[in-house]
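Participant: My questions all concern the structure below.
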Amino acid sequence: MSMLSFMGALEIGLIFALVALGVWISFRVLDFPDLTADGSFPLGGAVAAVLIVSGCNPWLACGAAMLAGAVAGLVTGWLNVRLGILQLLASILTMIALYSINLRIMGAPNIPLLGEPTVFSPFVSDDNAYWVQPLVLAVIVLVVKLILDWFFASQMGLALRATGANPRMARAQGIATGRVTLGGMALSNALIALGGALYVQTQGGSDISMGLGTIVIGLAAVIIGETLMPSRALFIITLATVVGAVLYRIFIALALQADFIGLQAQDLNLITAVLVAVALVLPRFKSKWRKPAKNGKSANAATGGQP
């Protein structure tokens, strides 16, 4: 893999690290199977693109994209908490509705951003774009990660984690689980929409179909990170999610550039499915490998090390 390809994979991986953190909040912290990501990711991109083309500051456009994503998450949470619709079905309804909403926002299937200012414009020139953009994204992801670490150690964050772990116990402790769920869904989709806003600024435009498979990519990043860096410490868990997203994109780039495999761009979804399947199966193999080792140690201890 060339350095240019590696930096490109790192750049996209860092963007999807924000998506993965959002997916981690809904799936792991709240235990809420949420498919809204496939709609909130292009929603963030659509809002940011329209505002940037209209002359808005790119950073403010990212903030507006996060707000729009938070509203999408609130709608999903409201359908489940207030109307009693199943979690998965509620997210599917929101995702379907967002397709039409995104078309309404953009007014067209796509919006080009070539020549428009972005959050990277003050730092990027023609010679350094390939490494400055990933560096700026790394700083953004680091800041978001640290804020999440701080938030989940706060009283509100602990209430969010308790709600996902045991809703009945959380309610018994006086936690308003419904409101907490709404807040968690808003936070999750705000991060996903931020990823979409940054994605369109690196790719030169927003497209209505760019959210296809977003939830699969986010889940793949979470699963890969958990497999490679298993831990109960919050700092390591969020770090593993970021690392999983970056490694996922690097694996994709390596697979597509391996001539002996013969894969092409249209095989991207196939590679994604294989990577997710491998990441899901690996923990089982690891547990099987550990069991014989533990049994061997216990047998030696029982016999005092004698054959």
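How things are named: the first chain in the structure tokens is A, the next is B, and so on; residues count from 1 in each chain; ligands count from 1 in the order shown.
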Identify, on the basis of only C-alpha atoms, every residue whose closest approach to stretch 237-251 of chain A does not exceed 6 Å; exclude the query and any residue fewer than 3 positions from it along the same chain; express the result as a tab-separated table (two decimals) with all heavy atoms, in the first residue's frame.

Facilitator:
chain	number	residue	atom	x	y	z
A	9	ALA	N	-6.98	6.03	3.70
A	9	ALA	CA	-7.71	5.08	4.55
A	9	ALA	C	-7.77	5.58	5.99
A	9	ALA	O	-8.80	5.45	6.67
A	9	ALA	CB	-7.04	3.71	4.49
A	10	LEU	N	-6.68	6.18	6.46
A	10	LEU	CA	-6.65	6.73	7.82
A	10	LEU	C	-7.65	7.87	7.96
A	10	LEU	O	-8.35	7.98	8.97
A	10	LEU	CB	-5.23	7.22	8.13
A	10	LEU	CG	-5.02	7.88	9.50
A	10	LEU	CD1	-5.31	6.89	10.62
A	10	LEU	CD2	-3.58	8.42	9.62
A	13	GLY	N	-11.10	6.42	8.04
A	13	GLY	CA	-11.23	5.69	9.29
A	13	GLY	C	-11.48	6.61	10.47
A	13	GLY	O	-12.29	6.29	11.35
A	14	LEU	N	-10.82	7.75	10.50
A	14	LEU	CA	-11.02	8.70	11.60
A	14	LEU	C	-12.41	9.32	11.55
A	14	LEU	O	-13.03	9.57	12.60
A	14	LEU	CB	-9.95	9.80	11.53
A	14	LEU	CG	-8.53	9.35	11.93
A	14	LEU	CD1	-7.51	10.42	11.56
A	14	LEU	CD2	-8.47	9.05	13.43
A	17	ALA	N	-14.67	6.83	12.85
A	17	ALA	CA	-14.49	6.64	14.30
A	17	ALA	C	-15.57	7.40	15.06
A	17	ALA	O	-16.06	6.94	16.10
A	17	ALA	CB	-13.11	7.11	14.71
A	221	ALA	N	-16.61	-1.58	13.25
A	221	ALA	CA	-15.55	-0.90	14.00
A	221	ALA	C	-15.63	-1.24	15.49
A	221	ALA	O	-14.61	-1.51	16.13
A	221	ALA	CB	-15.66	0.61	13.79
A	222	VAL	N	-16.85	-1.23	16.04
A	222	VAL	CA	-17.02	-1.54	17.47
A	222	VAL	C	-16.59	-2.96	17.76
A	222	VAL	O	-15.86	-3.23	18.73
A	222	VAL	CB	-18.49	-1.32	17.89
A	222	VAL	CG1	-18.72	-1.83	19.31
A	222	VAL	CG2	-18.85	0.16	17.80
A	224	ILE	N	-14.58	-5.01	15.97
A	224	ILE	CA	-13.14	-5.20	15.77
A	224	ILE	C	-12.37	-4.63	16.96
A	224	ILE	O	-11.43	-5.26	17.47
A	224	ILE	CB	-12.68	-4.53	14.45
A	224	ILE	CG1	-13.24	-5.29	13.25
A	224	ILE	CG2	-11.16	-4.47	14.36
A	224	ILE	CD1	-13.01	-4.60	11.93
A	225	GLY	N	-12.76	-3.45	17.41
A	225	GLY	CA	-12.08	-2.84	18.56
A	225	GLY	C	-12.22	-3.67	19.81
A	225	GLY	O	-11.26	-3.88	20.55
A	229	MET	N	-8.98	-5.25	21.58
A	229	MET	CA	-8.64	-4.58	22.84
A	229	MET	C	-9.75	-4.77	23.87
A	229	MET	O	-10.42	-3.81	24.26
A	229	MET	CB	-8.40	-3.08	22.58
A	229	MET	CG	-7.31	-2.77	21.59
A	229	MET	SD	-7.19	-1.00	21.19
A	229	MET	CE	-6.74	-0.31	22.79
A	234	LEU	N	-13.40	2.33	30.73
A	234	LEU	CA	-14.07	3.18	29.76
A	234	LEU	C	-13.08	3.83	28.80
A	234	LEU	O	-13.33	3.91	27.59
A	234	LEU	CB	-14.88	4.25	30.49
A	234	LEU	CG	-15.68	5.20	29.60
A	234	LEU	CD1	-16.74	4.43	28.82
A	234	LEU	CD2	-16.32	6.30	30.44
A	254	LEU	N	-6.36	-2.48	2.08
A	254	LEU	CA	-5.43	-3.56	1.77
A	254	LEU	C	-6.07	-4.62	0.90
A	254	LEU	O	-5.46	-5.12	-0.05
A	254	LEU	CB	-4.92	-4.19	3.08
A	254	LEU	CG	-3.90	-3.38	3.88
A	254	LEU	CD1	-3.66	-4.04	5.23
A	254	LEU	CD2	-2.59	-3.26	3.11

Participant: If we count only C-alpha atoms and set the cut-off at 7 Å, which residues sit around stretch 185-193 of chain A, ignoring sequence neighbours fewer than 6 positions away in its own chain? Please answer as a list in words.

Facilitator: Leu18, Val19, Gly22, Val23, Ile25, Ser26, Ala37, Ser40, Phe41, Leu43, Gly44, Gly45, Ala65, Met66, Leu67, Gly69, Ala70, Val71, Ala72, Gly73, Leu74 and Gly77 of chain A

Participant: Selected residues, N, CA and C atoms, written as an mmCIF file, in the first residue's frame, please.

Facilitator:
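See again-v7.cif below for the written result:
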data_model
loop_
_atom_site.group_PDB
_atom_site.id
_atom_site.type_symbol
_atom_site.label_atom_id
_atom_site.label_comp_id
_atom_site.auth_asym_id
_atom_site.auth_seq_id
_atom_site.Cartn_x
_atom_site.Cartn_y
_atom_site.Cartn_z
ATOM 1 N N LEU A 18 -15.946 8.575 14.560
ATOM 2 C CA LEU A 18 -17.045 9.331 15.182
ATOM 3 C C LEU A 18 -18.356 8.562 15.051
ATOM 4 N N VAL A 19 -18.567 7.976 13.878
ATOM 5 C CA VAL A 19 -19.756 7.150 13.665
ATOM 6 C C VAL A 19 -19.744 5.959 14.622
ATOM 7 N N GLY A 22 -20.709 6.862 18.081
ATOM 8 C CA GLY A 22 -22.150 7.024 18.182
ATOM 9 C C GLY A 22 -22.877 5.686 18.225
ATOM 10 N N VAL A 23 -22.448 4.754 17.378
ATOM 11 C CA VAL A 23 -23.049 3.419 17.363
ATOM 12 C C VAL A 23 -22.785 2.700 18.682
ATOM 13 N N ILE A 25 -22.526 4.031 21.610
ATOM 14 C CA ILE A 25 -23.415 4.581 22.636
ATOM 15 C C ILE A 25 -24.786 3.917 22.567
ATOM 16 N N SER A 26 -25.332 3.789 21.364
ATOM 17 C CA SER A 26 -26.674 3.219 21.241
ATOM 18 C C SER A 26 -26.679 1.711 21.464
ATOM 19 N N ALA A 37 -28.658 5.449 12.025
ATOM 20 C CA ALA A 37 -27.367 5.914 11.499
ATOM 21 C C ALA A 37 -27.368 6.037 9.985
ATOM 22 N N SER A 40 -29.088 9.415 9.641
ATOM 23 C CA SER A 40 -28.505 10.590 10.306
ATOM 24 C C SER A 40 -27.125 10.932 9.737
ATOM 25 N N PHE A 41 -26.393 9.941 9.211
ATOM 26 C CA PHE A 41 -25.095 10.236 8.591
ATOM 27 C C PHE A 41 -25.261 11.136 7.363
ATOM 28 N N LEU A 43 -27.854 12.888 6.745
ATOM 29 C CA LEU A 43 -28.514 14.103 7.231
ATOM 30 C C LEU A 43 -27.480 15.139 7.638
ATOM 31 N N GLY A 44 -26.465 14.711 8.401
ATOM 32 C CA GLY A 44 -25.396 15.625 8.789
ATOM 33 C C GLY A 44 -24.667 16.186 7.586
ATOM 34 N N GLY A 45 -24.414 15.327 6.597
ATOM 35 C CA GLY A 45 -23.748 15.782 5.382
ATOM 36 C C GLY A 45 -24.600 16.761 4.598
ATOM 37 N N ALA A 65 -25.222 20.458 11.858
ATOM 38 C CA ALA A 65 -25.377 19.053 11.478
ATOM 39 C C ALA A 65 -25.550 18.179 12.716
ATOM 40 N N MET A 66 -24.769 18.466 13.757
ATOM 41 C CA MET A 66 -24.912 17.707 14.999
ATOM 42 C C MET A 66 -26.298 17.913 15.610
ATOM 43 N N LEU A 67 -26.794 19.144 15.564
ATOM 44 C CA LEU A 67 -28.125 19.435 16.099
ATOM 45 C C LEU A 67 -29.198 18.670 15.329
ATOM 46 N N GLY A 69 -28.751 15.861 13.661
ATOM 47 C CA GLY A 69 -28.614 14.456 14.024
ATOM 48 C C GLY A 69 -29.218 14.160 15.381
ATOM 49 N N ALA A 70 -29.040 15.091 16.329
ATOM 50 C CA ALA A 70 -29.625 14.910 17.668
ATOM 51 C C ALA A 70 -31.149 14.859 17.593
ATOM 52 N N VAL A 71 -31.738 15.695 16.746
ATOM 53 C CA VAL A 71 -33.195 15.680 16.577
ATOM 54 C C VAL A 71 -33.651 14.345 16.008
ATOM 55 N N ALA A 72 -32.890 13.806 15.028
ATOM 56 C CA ALA A 72 -33.229 12.498 14.453
ATOM 57 C C ALA A 72 -33.182 11.414 15.528
ATOM 58 N N GLY A 73 -32.158 11.460 16.379
ATOM 59 C CA GLY A 73 -32.064 10.500 17.471
ATOM 60 C C GLY A 73 -33.205 10.648 18.468
ATOM 61 N N LEU A 74 -33.590 11.904 18.729
ATOM 62 C CA LEU A 74 -34.713 12.141 19.639
ATOM 63 C C LEU A 74 -36.013 11.561 19.084
ATOM 64 N N GLY A 77 -35.921 7.836 19.642
ATOM 65 C CA GLY A 77 -36.149 7.565 21.060
ATOM 66 C C GLY A 77 -37.587 7.842 21.474
#

Participant: From a DSSP calculation on the backbone, collect every residue of stretch 68-275 of chain A in strand (DSSP E) and output the set as number ranges by chain.

Facilitator: A: 110-112, 205-207

Participant: Taking the DSSP secondary structure from the backbone, can you list the residues of stretch 59-288 of chain A that are alpha helix (DSSP H), as a PyMOL selection string?

Facilitator: chain A and resi 59-81+87-106+129-152+155-165+167-172+177-203+214-228+234-257+268-288

Participant: For A:Gly184, which residue out of A:Thr94, A:Asn110, A:Asn102, A:Thr76 is the nearest one, using only C-alpha atoms?

Facilitator: A:Thr76

Participant: Considering only C-alpha atoms, can you say which of A:Val216, A:Val81, A:Leu198, A:Leu148 comes closest to A:Ala61?

Facilitator: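 Among A:Val216, A:Val81, A:Leu198, A:Leu148, it is A:Leu198 that comes nearest to A:Ala61.
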
Participant: In terms of the shortest atom-to-atom distance over only C-alpha atoms, which of A:Leu137, A:Ile52, A:Ile175, A:Val143 is closest to A:Gly157?

Facilitator: A:Ile175
